[in-house]
Amino acid sequence: MYLTQQTDYALRVLIYAAVNDEDLVNISTIAQTYNISKSHLMKVVTMLVKGGFLASVRGKGGGLRLGQKPEDIRVGAVVRLMEPLQIAECFRDDNQCLITCNCRLAEILGGGIKAFLNHLDGYTLADLLNKTTQDILYVPKIPIVQES
């Protein structure tokens, strides 16, 4: 099975936000960190915010943070949000295949998709975090010095 670049980026954004959970993160920094397109990332972030996986804080000093605890974000749920999962015509609303009503392909492929997503549901964002990933992605919060 092939996952789109959007799903790959979505998972990377969530990992970055989880590692840097003590502060808000921004799209520019994430794009620069992963060397990916900021405009493409903005579309992904919009979907993650709409899906409740990220929370957006607007205004000066705004940014993004996780919308849920890492242990509550199921990898399968992120994939379901990001992927159409219509791997054959018979899964689409505009299905025109002549043999759909007598074909077992949808049942067989559907079972594979279900097994795949069930497997992913066994993992959370917290499971994707490890010390090496944290060492690579963590950006220490810079304290603001107040002048008197």
# chains A, B, ... in the order shown; residues from 1 in each chain; ligands from 1
$ residues_around --residues "A:Ile15" --least-positions-apart "3" --cutoff "8 Å" --atoms "only C-alpha atoms" --output "number ranges by chain"
A: 11-12, 18-19, 125, 128-129
$ residues_around --residues "stretch 45-59 of chain A" --least-positions-apart "4" --cutoff "10 Å" --atoms "only C-alpha atoms" --output "VMD selection string"
chain A and resid 6 9 to 11 13 to 14 17 24 to 27 40 to 41 63 to 70 72 to 74 77 to 78 81 to 82
$ closest_residue --among "A:Leu98, A:Ala126, A:Val44, A:Leu117" --to "A:Glu71" --atoms "only C-alpha atoms"
A:Ala126
$ residues_around --residues "A:Gln86" --least-positions-apart "3" --cutoff "12 Å" --atoms "only C-alpha atoms" --output "PyMOL selection string"
chain A and resi 1-3+80+82-83+89-95+106+109-110+113
$ select_by_dssp --residues "stretch 76-124 of chain A" --states "alpha helix (DSSP H)" --output "PyMOL selection string"
chain A and resi 76-82+105-121
$ select_by_dssp --residues "chain A" --states "strand (DSSP E or B)" --output "PyMOL selection string"
chain A and resi 25+54-57+63-66+74+124
$ write_last_selection --atoms "N, CA and C atoms" --output "PDB file, in the first residue's frame"
ATOM      1  N   VAL A  25       4.740  25.693  17.970  1.00  0.00           N
ATOM      2  CA  VAL A  25       5.617  25.509  16.816  1.00  0.00           C
ATOM      3  C   VAL A  25       4.976  26.217  15.623  1.00  0.00           C
ATOM      4  N   LEU A  54      -4.223  18.894  15.703  1.00  0.00           N
ATOM      5  CA  LEU A  54      -3.452  20.078  16.050  1.00  0.00           C
ATOM      6  C   LEU A  54      -4.414  21.179  16.474  1.00  0.00           C
ATOM      7  N   ALA A  55      -3.925  22.066  17.331  1.00  0.00           N
ATOM      8  CA  ALA A  55      -4.667  23.267  17.697  1.00  0.00           C
ATOM      9  C   ALA A  55      -3.876  24.458  17.182  1.00  0.00           C
ATOM     10  N   SER A  56      -4.579  25.433  16.640  1.00  0.00           N
ATOM     11  CA  SER A  56      -3.942  26.615  16.079  1.00  0.00           C
ATOM     12  C   SER A  56      -4.203  27.799  16.995  1.00  0.00           C
ATOM     13  N   VAL A  57      -3.141  28.528  17.319  1.00  0.00           N
ATOM     14  CA  VAL A  57      -3.250  29.729  18.136  1.00  0.00           C
ATOM     15  C   VAL A  57      -2.898  30.902  17.233  1.00  0.00           C
ATOM     16  N   GLY A  63       0.912  30.041  16.934  1.00  0.00           N
ATOM     17  CA  GLY A  63       1.548  28.867  16.339  1.00  0.00           C
ATOM     18  C   GLY A  63       0.656  27.662  16.487  1.00  0.00           C
ATOM     19  N   LEU A  64       1.278  26.515  16.536  1.00  0.00           N
ATOM     20  CA  LEU A  64       0.564  25.248  16.586  1.00  0.00           C
ATOM     21  C   LEU A  64       1.009  24.430  17.788  1.00  0.00           C
ATOM     22  N   ARG A  65       0.103  23.623  18.272  1.00  0.00           N
ATOM     23  CA  ARG A  65       0.428  22.648  19.312  1.00  0.00           C
ATOM     24  C   ARG A  65      -0.493  21.454  19.089  1.00  0.00           C
ATOM     25  N   LEU A  66      -0.165  20.365  19.740  1.00  0.00           N
ATOM     26  CA  LEU A  66      -1.017  19.186  19.622  1.00  0.00           C
ATOM     27  C   LEU A  66      -2.416  19.497  20.141  1.00  0.00           C
ATOM     28  N   ARG A  74      -4.112   8.207  17.523  1.00  0.00           N
ATOM     29  CA  ARG A  74      -3.876   6.922  16.863  1.00  0.00           C
ATOM     30  C   ARG A  74      -3.360   7.154  15.446  1.00  0.00           C
ATOM     31  N   THR A 124       0.180   4.730  18.680  1.00  0.00           N
ATOM     32  CA  THR A 124      -0.154   6.139  18.900  1.00  0.00           C
ATOM     33  C   THR A 124       1.035   7.008  18.531  1.00  0.00           C
TER      34      THR A 124
END
$ closest_residue --among "A:Thr4, A:Tyr138, A:Val75, A:Tyr16" --to "A:Ala31" --atoms "only C-alpha atoms"
A:Tyr16
$ closest_residue --among "A:Met42, A:Cys103, A:Ile87, A:Thr133" --to "A:Thr29" --atoms "only C-alpha atoms"
A:Met42
